[in-house]
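work09.pdb (PDB, C-alpha atoms (C1' of nucleotides))
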```pdb
ATOM      1  CA  MET B 824      12.398  18.537  16.619
ATOM      2  CA  LEU B 825      12.453  14.936  17.658
ATOM      3  CA  ILE B 826      11.193  12.305  15.275
ATOM      4  CA  GLN B 827       9.578   9.079  16.426
ATOM      5  CA  LEU B 828       8.884   6.402  13.824
ATOM      6  CA  ASP B 829       6.773   3.304  14.299
ATOM      7  CA  MET B 830       8.318   0.396  12.426
ATOM      8  CA  GLU B 831       5.082  -1.621  12.875
ATOM      9  CA  SER B 832       2.823   1.040  11.372
ATOM     10  CA  LYS B 833       1.064   0.393   8.102
ATOM     11  CA  ASP B 834       2.077   3.907   7.071
ATOM     12  CA  PRO B 835       5.425   4.001   5.238
ATOM     13  CA  LEU B 836       8.359   5.516   7.111
ATOM     14  CA  TYR B 837       8.660   8.419   4.685
ATOM     15  CA  THR B 838       4.976   9.235   5.206
ATOM     16  CA  GLN B 839       5.333   9.184   8.995
ATOM     17  CA  LEU B 840       8.316  11.486   8.696
ATOM     18  CA  ARG B 841       6.476  13.788   6.309
ATOM     19  CA  ASN B 842       3.485  13.968   8.665
ATOM     20  CA  GLN B 843       5.596  14.800  11.702
ATOM     21  CA  ILE B 844       7.256  17.660   9.872
ATOM     22  CA  VAL B 845       3.851  18.978   8.793
ATOM     23  CA  GLU B 846       2.688  18.752  12.406
ATOM     24  CA  GLY B 847       5.839  20.585  13.428
ATOM     25  CA  ILE B 848       4.934  23.408  11.084
ATOM     26  CA  ALA B 849       1.301  23.431  12.216
ATOM     27  CA  SER B 850       2.379  23.718  15.854
ATOM     28  CA  ASN B 851       4.846  26.481  15.031
ATOM     29  CA  ARG B 852       7.787  24.504  16.325
ATOM     30  CA  LEU B 853       9.100  24.785  12.778
ATOM     31  CA  LYS B 854       8.921  28.299  11.404
ATOM     32  CA  PRO B 855       9.405  29.723   7.883
ATOM     33  CA  GLY B 856      13.099  29.807   7.056
ATOM     34  CA  ASP B 857      14.109  27.209   9.628
ATOM     35  CA  ALA B 858      16.735  24.744   8.481
ATOM     36  CA  LEU B 859      16.106  21.022   8.590
ATOM     37  CA  PRO B 860      18.816  18.444   9.214
ATOM     38  CA  SER B 861      20.596  17.085   6.160
ATOM     39  CA  VAL B 862      19.191  13.870   4.746
ATOM     40  CA  ARG B 863      22.289  12.010   5.887
ATOM     41  CA  SER B 864      22.362  13.284   9.467
ATOM     42  CA  LEU B 865      18.645  12.834  10.010
ATOM     43  CA  ALA B 866      18.783   9.350   8.532
ATOM     44  CA  GLN B 867      21.642   8.558  10.879
ATOM     45  CA  ASP B 868      19.809   9.988  13.890
ATOM     46  CA  ILE B 869      16.637   7.982  13.429
ATOM     47  CA  GLY B 870      18.370   4.914  12.067
ATOM     48  CA  ILE B 871      16.955   4.726   8.549
ATOM     49  CA  ASN B 872      18.265   5.070   5.017
ATOM     50  CA  LEU B 873      19.052   8.493   3.582
ATOM     51  CA  HIS B 874      16.837   7.777   0.571
ATOM     52  CA  THR B 875      13.841   7.369   2.841
ATOM     53  CA  VAL B 876      14.471  10.784   4.357
ATOM     54  CA  ASN B 877      15.086  12.207   0.908
ATOM     55  CA  LYS B 878      11.740  10.858  -0.297
ATOM     56  CA  ALA B 879       9.930  12.622   2.544
ATOM     57  CA  TYR B 880      11.791  15.879   1.840
ATOM     58  CA  LYS B 881      11.054  15.686  -1.883
ATOM     59  CA  GLN B 882       7.371  15.159  -1.233
ATOM     60  CA  LEU B 883       7.266  18.087   1.178
ATOM     61  CA  GLU B 884       9.019  20.230  -1.420
ATOM     62  CA  HIS B 885       6.494  19.198  -4.063
ATOM     63  CA  GLU B 886       3.660  20.051  -1.678
ATOM     64  CA  GLY B 887       5.123  23.489  -1.041
ATOM     65  CA  PHE B 888       6.228  23.025   2.564
ATOM     66  CA  LEU B 889       9.964  23.080   1.894
ATOM     67  CA  VAL B 890      12.570  24.669  -0.292
ATOM     68  CA  ILE B 891      15.567  22.489  -1.094
ATOM     69  CA  GLN B 892      18.819  23.828  -2.467
ATOM     70  CA  ARG B 893      21.987  22.127  -3.601
ATOM     71  CA  GLN B 894      24.304  23.054  -0.833
ATOM     72  CA  LYS B 895      22.100  24.769   1.724
ATOM     73  CA  GLY B 896      19.904  21.807   2.442
ATOM     74  CA  ALA B 897      16.204  21.899   3.240
ATOM     75  CA  LEU B 898      14.411  24.943   4.655
ATOM     76  CA  ILE B 899      10.835  25.464   5.780
ATOM     77  CA  HIS B 900       9.428  27.565   2.955
ATOM     78  CA  PRO B 901      10.306  31.191   3.789
ATOM     79  CA  ASP B 902       7.097  32.509   2.204
ATOM     80  CA  GLY B 903       4.952  30.147   4.239
ATOM     81  CA  VAL B 904       2.858  27.235   3.014
ATOM     82  CA  PRO B 905       0.632  27.786  -0.056
ATOM     83  CA  GLN B 906      -2.894  28.547   1.034
ATOM     84  CA  ALA B 907      -5.701  26.049   0.466
ATOM     85  CA  ASP B 908      -7.092  26.186  -3.066
ATOM     86  CA  ASP B 909     -10.139  24.508  -4.585
ATOM     87  CA  PHE B 910      -8.176  21.387  -5.436
ATOM     88  CA  TYR B 911      -6.883  21.024  -1.913
ATOM     89  CA  TRP B 912     -10.337  21.476  -0.438
ATOM     90  CA  MET B 913     -11.601  18.704  -2.686
ATOM     91  CA  GLU B 914      -8.799  16.349  -1.730
ATOM     92  CA  LEU B 915      -9.334  17.072   1.952
ATOM     93  CA  SER B 916     -13.020  16.310   1.624
ATOM     94  CA  LYS B 917     -12.326  13.060  -0.188
ATOM     95  CA  ALA B 918      -9.902  11.997   2.539
ATOM     96  CA  LEU B 919     -12.225  12.906   5.402
ATOM     97  CA  ARG B 920     -15.389  11.333   3.971
ATOM     98  CA  PRO B 921     -14.641   7.654   4.710
ATOM     99  CA  MET B 922     -13.505   8.433   8.252
ATOM    100  CA  ILE B 923     -16.561  10.516   9.038
ATOM    101  CA  ALA B 924     -18.781   7.834   7.520
ATOM    102  CA  GLU B 925     -17.294   5.191   9.800
ATOM    103  CA  ALA B 926     -17.509   7.483  12.810
ATOM    104  CA  LYS B 927     -21.209   8.011  12.110
ATOM    105  CA  CYS B 928     -21.735   4.252  11.741
ATOM    106  CA  ARG B 929     -20.155   3.773  15.147
ATOM    107  CA  GLY B 930     -22.540   6.147  16.820
ATOM    108  CA  ILE B 931     -20.418   9.285  17.024
ATOM    109  CA  ASP B 932     -22.739  12.248  16.611
ATOM    110  CA  GLU B 933     -22.055  15.521  14.886
ATOM    111  CA  HIS B 934     -21.189  17.379  18.044
ATOM    112  CA  GLN B 935     -18.749  14.724  19.235
ATOM    113  CA  LEU B 936     -17.039  14.793  15.840
ATOM    114  CA  THR B 937     -16.635  18.561  15.719
ATOM    115  CA  THR B 938     -15.407  18.577  19.308
ATOM    116  CA  LEU B 939     -12.746  16.009  18.463
ATOM    117  CA  CYS B 940     -11.604  17.987  15.421
ATOM    118  CA  GLN B 941     -11.452  21.169  17.467
ATOM    119  CA  GLU B 942      -9.395  19.476  20.163
ATOM    120  CA  ILE B 943      -6.935  18.210  17.582
ATOM    121  CA  TYR B 944      -6.807  21.595  15.885
ATOM    122  CA  GLN B 945      -6.205  23.408  19.152
ATOM    123  CA  SER B 946      -3.518  20.947  20.177
ATOM    124  CA  PHE B 947      -1.373  22.598  17.507
ATOM    125  CA  ASN B 948      -1.794  26.000  19.133
ATOM    126  CA  LYS B 949      -0.192  25.077  22.418
ATOM    127  CA  LYS B 950       3.320  24.237  21.341
ATOM    128  CA  GLY B 951       6.406  26.051  20.167
ATOM    129  CA  ASP B 952       5.585  29.479  21.587
ATOM    130  CA  SER B 953       8.610  30.112  23.781
ATOM    131  CA  SER B 954       7.084  33.368  25.039
ATOM    132  CA  SER B 955       7.244  32.660  28.745
TER     133      SER B 955
ATOM    134  CA  MET Q 260     -26.036   0.229  -4.333
ATOM    135  CA  LEU Q 261     -23.839   1.131  -7.252
ATOM    136  CA  ILE Q 262     -20.099   0.897  -6.886
ATOM    137  CA  GLN Q 263     -17.686   3.161  -8.703
ATOM    138  CA  LEU Q 264     -13.993   2.341  -8.563
ATOM    139  CA  ASP Q 265     -11.136   4.580  -9.666
ATOM    140  CA  MET Q 266      -8.403   2.493 -11.272
ATOM    141  CA  GLU Q 267      -6.019   5.467 -11.094
ATOM    142  CA  SER Q 268      -6.493   6.071  -7.369
ATOM    143  CA  LYS Q 269      -3.632   5.474  -4.977
ATOM    144  CA  ASP Q 270      -6.122   3.711  -2.701
ATOM    145  CA  PRO Q 271      -6.316  -0.055  -3.358
ATOM    146  CA  LEU Q 272      -9.481  -1.324  -5.033
ATOM    147  CA  TYR Q 273     -10.518  -3.328  -1.981
ATOM    148  CA  THR Q 274     -10.179  -0.213   0.189
ATOM    149  CA  GLN Q 275     -12.302   1.859  -2.174
ATOM    150  CA  LEU Q 276     -14.936  -0.866  -2.145
ATOM    151  CA  ARG Q 277     -14.799  -1.134   1.638
ATOM    152  CA  ASN Q 278     -15.194   2.630   2.006
ATOM    153  CA  GLN Q 279     -18.187   2.802  -0.306
ATOM    154  CA  ILE Q 280     -19.975   0.096   1.653
ATOM    155  CA  VAL Q 281     -19.246   1.945   4.903
ATOM    156  CA  GLU Q 282     -20.637   5.121   3.338
ATOM    157  CA  GLY Q 283     -23.670   3.142   2.226
ATOM    158  CA  ILE Q 284     -24.271   2.120   5.832
ATOM    159  CA  ALA Q 285     -23.655   5.635   7.126
ATOM    160  CA  SER Q 286     -26.197   7.047   4.677
ATOM    161  CA  ASN Q 287     -28.732   4.362   5.579
ATOM    162  CA  ARG Q 288     -28.908   3.064   2.028
ATOM    163  CA  LEU Q 289     -27.655  -0.195   3.533
ATOM    164  CA  LYS Q 290     -29.577  -1.244   6.627
ATOM    165  CA  PRO Q 291     -28.937  -3.939   9.238
ATOM    166  CA  GLY Q 292     -29.799  -7.344   7.812
ATOM    167  CA  ASP Q 293     -29.525  -6.260   4.183
ATOM    168  CA  ALA Q 294     -27.885  -8.796   1.880
ATOM    169  CA  LEU Q 295     -24.849  -7.876  -0.186
ATOM    170  CA  PRO Q 296     -24.105  -9.366  -3.597
ATOM    171  CA  SER Q 297     -22.014 -12.529  -3.627
ATOM    172  CA  VAL Q 298     -18.307 -12.019  -4.120
ATOM    173  CA  ARG Q 299     -18.549 -13.550  -7.576
ATOM    174  CA  SER Q 300     -21.483 -11.511  -8.849
ATOM    175  CA  LEU Q 301     -20.154  -8.230  -7.477
ATOM    176  CA  ALA Q 302     -16.718  -8.940  -8.906
ATOM    177  CA  GLN Q 303     -18.361  -9.635 -12.262
ATOM    178  CA  ASP Q 304     -20.462  -6.470 -12.098
ATOM    179  CA  ILE Q 305     -17.596  -4.092 -11.416
ATOM    180  CA  GLY Q 306     -15.074  -6.001 -13.506
ATOM    181  CA  ILE Q 307     -12.555  -7.062 -10.881
ATOM    182  CA  ASN Q 308     -11.356 -10.305  -9.346
ATOM    183  CA  LEU Q 309     -13.473 -12.138  -6.789
ATOM    184  CA  HIS Q 310     -10.548 -12.218  -4.361
ATOM    185  CA  THR Q 311     -10.442  -8.438  -4.326
ATOM    186  CA  VAL Q 312     -14.107  -8.295  -3.363
ATOM    187  CA  ASN Q 313     -13.561 -11.048  -0.820
ATOM    188  CA  LYS Q 314     -10.740  -9.059   0.744
ATOM    189  CA  ALA Q 315     -13.030  -6.063   1.215
ATOM    190  CA  TYR Q 316     -15.777  -8.257   2.697
ATOM    191  CA  LYS Q 317     -13.369  -9.962   5.082
ATOM    192  CA  GLN Q 318     -12.074  -6.643   6.313
ATOM    193  CA  LEU Q 319     -15.600  -5.355   6.853
ATOM    194  CA  GLU Q 320     -16.434  -8.536   8.744
ATOM    195  CA  HIS Q 321     -13.358  -8.106  10.930
ATOM    196  CA  GLU Q 322     -14.363  -4.505  11.615
ATOM    197  CA  GLY Q 323     -17.844  -5.583  12.656
ATOM    198  CA  PHE Q 324     -19.802  -4.158   9.731
ATOM    199  CA  LEU Q 325     -20.755  -7.488   8.167
ATOM    200  CA  VAL Q 326     -21.688 -11.029   9.035
ATOM    201  CA  ILE Q 327     -20.577 -13.643   6.518
ATOM    202  CA  GLN Q 328     -21.931 -17.160   6.413
ATOM    203  CA  ARG Q 329     -21.085 -20.139   4.276
ATOM    204  CA  GLN Q 330     -24.118 -20.323   2.086
ATOM    205  CA  LYS Q 331     -26.066 -17.188   2.902
ATOM    206  CA  GLY Q 332     -23.439 -14.744   1.776
ATOM    207  CA  ALA Q 333     -22.674 -11.380   3.357
ATOM    208  CA  LEU Q 334     -25.187  -9.390   5.408
ATOM    209  CA  ILE Q 335     -24.993  -5.973   6.996
ATOM    210  CA  HIS Q 336     -24.619  -6.817  10.670
ATOM    211  CA  PRO Q 337     -28.165  -7.349  12.010
ATOM    212  CA  ASP Q 338     -27.239  -5.972  15.437
ATOM    213  CA  GLY Q 339     -25.793  -2.799  13.938
ATOM    214  CA  VAL Q 340     -22.183  -1.683  13.923
ATOM    215  CA  PRO Q 341     -20.205  -1.925  17.189
ATOM    216  CA  GLN Q 342     -20.168   1.427  18.921
ATOM    217  CA  ALA Q 343     -16.997   3.482  19.169
ATOM    218  CA  ASP Q 344     -14.737   2.344  22.002
ATOM    219  CA  ASP Q 345     -11.583   3.885  23.423
ATOM    220  CA  PHE Q 346      -9.385   2.119  20.904
ATOM    221  CA  TYR Q 347     -11.444   3.370  17.981
ATOM    222  CA  TRP Q 348     -11.397   6.930  19.294
ATOM    223  CA  MET Q 349      -7.618   6.750  19.488
ATOM    224  CA  GLU Q 350      -7.278   5.383  15.973
ATOM    225  CA  LEU Q 351      -9.629   8.045  14.638
ATOM    226  CA  SER Q 352      -7.596  10.772  16.303
ATOM    227  CA  LYS Q 353      -4.370   9.399  14.898
ATOM    228  CA  ALA Q 354      -5.837   9.334  11.406
ATOM    229  CA  LEU Q 355      -7.283  12.836  11.604
ATOM    230  CA  ARG Q 356      -4.231  14.519  13.119
ATOM    231  CA  PRO Q 357      -2.026  14.765   9.993
ATOM    232  CA  MET Q 358      -4.914  16.032   7.872
ATOM    233  CA  ILE Q 359      -5.896  18.688  10.374
ATOM    234  CA  ALA Q 360      -2.264  19.702  10.747
ATOM    235  CA  GLU Q 361      -1.933  20.231   7.001
ATOM    236  CA  ALA Q 362      -5.243  22.080   6.845
ATOM    237  CA  LYS Q 363      -4.022  24.430   9.567
ATOM    238  CA  CYS Q 364      -0.750  24.965   7.710
ATOM    239  CA  ARG Q 365      -2.724  25.929   4.621
ATOM    240  CA  GLY Q 366      -4.643  28.617   6.441
ATOM    241  CA  ILE Q 367      -7.910  26.803   7.159
ATOM    242  CA  ASP Q 368      -9.197  28.071  10.492
ATOM    243  CA  GLU Q 369     -11.033  26.138  13.152
ATOM    244  CA  HIS Q 370     -14.457  27.285  12.050
ATOM    245  CA  GLN Q 371     -13.871  26.379   8.426
ATOM    246  CA  LEU Q 372     -12.691  22.929   9.462
ATOM    247  CA  THR Q 373     -15.681  22.182  11.673
ATOM    248  CA  THR Q 374     -18.024  23.476   8.980
ATOM    249  CA  LEU Q 375     -16.481  21.123   6.438
ATOM    250  CA  CYS Q 376     -16.783  18.161   8.798
ATOM    251  CA  GLN Q 377     -20.387  19.025   9.535
ATOM    252  CA  GLU Q 378     -21.218  19.278   5.840
ATOM    253  CA  ILE Q 379     -19.698  15.869   5.206
ATOM    254  CA  TYR Q 380     -21.449  14.383   8.221
ATOM    255  CA  GLN Q 381     -24.809  15.796   7.184
ATOM    256  CA  SER Q 382     -24.365  14.588   3.625
ATOM    257  CA  PHE Q 383     -24.951  11.107   5.011
ATOM    258  CA  ASN Q 384     -28.307  12.113   6.440
ATOM    259  CA  LYS Q 385     -29.897  13.047   3.141
ATOM    260  CA  LYS Q 386     -29.882   9.709   1.368
ATOM    261  CA  GLY Q 387     -31.697   6.404   1.549
ATOM    262  CA  ASP Q 388     -34.819   7.606   3.352
ATOM    263  CA  SER Q 389     -37.536   6.574   0.937
ATOM    264  CA  SER Q 390     -40.133   8.252   3.125
ATOM    265  CA  SER Q 391     -41.616  10.578   0.517
TER     266      SER Q 391
ATOM    267  C1'  DT L1447      42.030  20.383  -0.641
ATOM    268  C1'  DG L1448      38.597  18.356   2.232
ATOM    269  C1'  DA L1449      34.218  18.071   4.081
ATOM    270  C1'  DC L1450      29.784  18.907   3.541
ATOM    271  C1'  DT L1451      25.345  19.369   0.688
ATOM    272  C1'  DG L1452      21.596  17.198  -2.527
ATOM    273  C1'  DT L1453      21.388  14.139  -6.678
ATOM    274  C1'  DT L1454      21.567  10.191  -9.518
ATOM    275  C1'  DA L1455      22.197   5.427 -10.647
ATOM    276  C1'  DT L1456      21.964   0.326  -9.676
ATOM    277  C1'  DA L1457      20.859  -3.483  -7.292
ATOM    278  C1'  DT L1458      18.539  -6.280  -3.923
ATOM    279  C1'  DT L1459      15.046  -7.762  -0.633
ATOM    280  C1'  DA L1460      10.511  -7.762   1.119
ATOM    281  C1'  DT L1461       5.759  -6.727   1.032
ATOM    282  C1'  DG L1462       1.279  -5.540  -0.900
ATOM    283  C1'  DT L1463      -1.965  -5.497  -4.731
ATOM    284  C1'  DG L1464      -4.490  -7.655  -8.171
ATOM    285  C1'  DT L1465      -5.359 -11.306 -11.221
ATOM    286  C1'  DA L1466      -5.988 -16.178 -12.772
ATOM    287  C1'  DT L1467      -7.301 -21.005 -12.002
ATOM    288  C1'  DA L1468      -8.683 -24.660  -9.574
ATOM    289  C1'  DA L1469     -10.623 -27.271  -6.214
ATOM    290  C1'  DC L1470     -13.264 -27.912  -1.778
ATOM    291  C1'  DA L1471     -17.369 -27.916   1.415
ATOM    292  C1'  DG L1472     -21.805 -26.784   2.729
ATOM    293  C1'  DA L1473     -26.584 -25.326   1.698
ATOM    294  C1'  DT L1474     -30.638 -25.175  -1.370
ATOM    295  C1'  DA L1475     -33.832 -25.827  -4.953
ATOM    296  C1'  DT L1476     -35.405 -28.665  -8.721
TER     297       DT L1476
ATOM    298  C1'  DA A 976     -29.694 -37.206  -6.253
ATOM    299  C1'  DT A 977     -27.957 -33.725  -9.050
ATOM    300  C1'  DA A 978     -27.028 -29.226 -10.372
ATOM    301  C1'  DT A 979     -26.127 -24.764  -8.677
ATOM    302  C1'  DC A 980     -25.217 -21.476  -5.720
ATOM    303  C1'  DT A 981     -22.497 -19.822  -1.573
ATOM    304  C1'  DG A 982     -17.783 -18.686   0.858
ATOM    305  C1'  DT A 983     -13.108 -20.836   1.428
ATOM    306  C1'  DT A 984      -8.613 -22.337   0.459
ATOM    307  C1'  DA A 985      -4.484 -23.036  -2.179
ATOM    308  C1'  DT A 986      -1.110 -21.820  -5.881
ATOM    309  C1'  DA A 987       0.924 -19.121  -8.917
ATOM    310  C1'  DC A 988       2.118 -15.011 -11.410
ATOM    311  C1'  DA A 989       2.856 -10.037 -12.592
ATOM    312  C1'  DC A 990       3.472  -5.595 -11.008
ATOM    313  C1'  DA A 991       4.332  -1.740  -8.012
ATOM    314  C1'  DT A 992       5.989   0.186  -3.730
ATOM    315  C1'  DA A 993       8.998   0.456   0.352
ATOM    316  C1'  DA A 994      13.359   0.277   2.235
ATOM    317  C1'  DT A 995      17.924  -0.773   2.146
ATOM    318  C1'  DA A 996      22.863  -0.753   0.489
ATOM    319  C1'  DT A 997      26.644   1.147  -2.256
ATOM    320  C1'  DA A 998      28.697   4.106  -5.133
ATOM    321  C1'  DA A 999      29.625   7.964  -7.654
ATOM    322  C1'  DC A1000      28.679  12.833  -9.147
ATOM    323  C1'  DA A1001      28.358  17.975  -8.729
ATOM    324  C1'  DG A1002      28.210  21.908  -6.514
ATOM    325  C1'  DT A1003      29.531  25.010  -2.115
ATOM    326  C1'  DC A1004      32.302  26.655   1.501
ATOM    327  C1'  DA A1005      35.775  26.965   5.114
TER     328       DA A1005
END
```
Once you've parsed the file, please lay out its structure as structure tokens.
Amino acid sequence: MLIQLDMESKDPLYTQLRNQIVEGIASNRLKPGDALPSVRSLAQDIGINLHTVNKAYKQLEHEGFLVIQRQKGALIHPDGVPQADDFYWMELSKALRPMIAEAKCRGIDEHQLTTLCQEIYQSFNKKGDSSS
Amino acid sequence: MLIQLDMESKDPLYTQLRNQIVEGIASNRLKPGDALPSVRSLAQDIGINLHTVNKAYKQLEHEGFLVIQRQKGALIHPDGVPQADDFYWMELSKALRPMIAEAKCRGIDEHQLTTLCQEIYQSFNKKGDSSS
DNA sequence: TGACTGTTATATTATGTGTATAACAGATAT
DNA sequence: ATATCTGTTATACACATAATATAACAGTCA
């Protein structure tokens, strides 16, 4: 699980880290029960402060992706990620709306949009399965 | 064109304003050549500072949605919005990726995702056509 | 005991957001 | 011409967030 942060991005470091872990789970490279590096070692590896890593971990815990324990460290939630509920669907819609609006303004049609989303979705299916 | 801002949102006011104008264009309630309120009058109407409105307008101008002139004020770009280029496609993908990853983690399948995107896309087709 | 975990507490620096005034420059209508 | 409207620019201030830097604390485990 290699992490690559963009120091020039407008997205905060802890958000970039959080997103990459979520993408790791989506692509099955991180599986339920897997251990994550300690906040100190990961911070050392990618050259940032341990509090920044801790902030990402805490957010992921709050969102139900991780379980964090005193001495064991952080684990991908053994029971899997909480399924989408009504609230999550609403938040997802609210986040997608401005992007889809702009895409429509720029001449992207419905089929192009769905194709793009499908390509992104499927890109998470093609990693992490070490069944050769 | 009524604007509704959420003071509790994590999104900055100028971003919310920018998004609502983009959605207005997408839904054809704002058409090429249409005049927008002056920064002062709009700021007065929605109860915020004129610089906040100006920041939204400037961003929209930079993105190609608006044309701003000294004395005429802000207009929806008469030539329409610049079509999606390779750079925009890349930025759109990068923005969508973390959301789609989380949706997949939460058990939303490909069909549910495309359906949601289509519903949002089509919601912009059902407004602003005063052809009764 | 020593080394490792997450946790908490402070402090500092830098940046972004939003507001508040004020003044400037150009266009337009009276 | 003068008053009024535009966007523009310049300062300043308050507030919140992001990221860092140290340090200490409290459990766990070899």
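Between atom CA of Ile871 of chain B and atom C1' of DA994 of chain A lies a distance of 8.5 Å.
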Exercise. Evaluate the PyMOL selection byres ((chain A) within 9 of (chain B)) on the structure here and hand back the selected residues as a PyMOL selection string.
Key: chain A and resi 993-996+1002-1003
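For chain B, the residues within 12 Å of chain L are Lys833, Pro835, Pro860, Ser861, Val862, Arg863, Ser864, Leu873, His874, Val876, Asn877, Lys878, Tyr880, Lys881, Val890, Ile891, Gln892, Arg893, Gln894, Lys895, Gly896 and Ala897 of chain B, with all atoms listed in the file used to measure distance.
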Show me, as a tab-separated table (two decimals) with C-alpha atoms, keeping the file's coordinate frame, every residue of chain Q with an atom at most 9 Å from chain B, counting all atoms listed in the file.
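Saved to selection_14.tsv:
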```tsv
chain	number	residue	atom	x	y	z
Q	278	ASN	CA	-15.19	2.63	2.01
Q	279	GLN	CA	-18.19	2.80	-0.31
Q	281	VAL	CA	-19.25	1.94	4.90
Q	282	GLU	CA	-20.64	5.12	3.34
Q	283	GLY	CA	-23.67	3.14	2.23
Q	284	ILE	CA	-24.27	2.12	5.83
Q	285	ALA	CA	-23.66	5.64	7.13
Q	286	SER	CA	-26.20	7.05	4.68
Q	324	PHE	CA	-19.80	-4.16	9.73
Q	339	GLY	CA	-25.79	-2.80	13.94
Q	340	VAL	CA	-22.18	-1.68	13.92
Q	341	PRO	CA	-20.20	-1.92	17.19
Q	342	GLN	CA	-20.17	1.43	18.92
Q	343	ALA	CA	-17.00	3.48	19.17
Q	344	ASP	CA	-14.74	2.34	22.00
Q	347	TYR	CA	-11.44	3.37	17.98
Q	348	TRP	CA	-11.40	6.93	19.29
Q	351	LEU	CA	-9.63	8.04	14.64
Q	352	SER	CA	-7.60	10.77	16.30
Q	354	ALA	CA	-5.84	9.33	11.41
Q	355	LEU	CA	-7.28	12.84	11.60
Q	356	ARG	CA	-4.23	14.52	13.12
Q	357	PRO	CA	-2.03	14.76	9.99
Q	358	MET	CA	-4.91	16.03	7.87
Q	359	ILE	CA	-5.90	18.69	10.37
Q	360	ALA	CA	-2.26	19.70	10.75
Q	361	GLU	CA	-1.93	20.23	7.00
Q	362	ALA	CA	-5.24	22.08	6.84
Q	363	LYS	CA	-4.02	24.43	9.57
Q	364	CYS	CA	-0.75	24.96	7.71
Q	365	ARG	CA	-2.72	25.93	4.62
Q	366	GLY	CA	-4.64	28.62	6.44
Q	367	ILE	CA	-7.91	26.80	7.16
Q	368	ASP	CA	-9.20	28.07	10.49
Q	369	GLU	CA	-11.03	26.14	13.15
Q	370	HIS	CA	-14.46	27.28	12.05
Q	372	LEU	CA	-12.69	22.93	9.46
Q	373	THR	CA	-15.68	22.18	11.67
Q	374	THR	CA	-18.02	23.48	8.98
Q	375	LEU	CA	-16.48	21.12	6.44
Q	376	CYS	CA	-16.78	18.16	8.80
Q	377	GLN	CA	-20.39	19.02	9.54
Q	379	ILE	CA	-19.70	15.87	5.21
Q	380	TYR	CA	-21.45	14.38	8.22
Q	381	GLN	CA	-24.81	15.80	7.18
Q	383	PHE	CA	-24.95	11.11	5.01
```
Please return the centre and edge lengths, in Å to one decimal, of a box with edges along x, y and z that contains all listed atoms of segment 858-867 of chain B, widened by 8 Å on every side, as JSON.
```
{"center_x": 19.2, "center_y": 16.7, "center_z": 7.8, "size_x": 22.3, "size_y": 32.2, "size_z": 22.1}
```
Quiz item: Distance atom CA of Gly870 of chain B-atom CA of Leu898 of chain B, one decimal place?
Solution: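 Straight-line distance from atom CA of Gly870 of chain B to atom CA of Leu898 of chain B works out to 21.7 Å.
The interatomic distance for the pair atom CA of Leu301 of chain Q and atom C1' of DC980 of chain A works out to 14.3 Å.
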Practice problem: Choose the residue, out of B:Met913, B:Leu840, B:Leu859, B:Leu825, that has the smallest atom-to-atom separation from Ala879 of chain B; count only C-alpha atoms. | Solution: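 With only C-alpha atoms as the atom set, the closest residue is B:Leu840.
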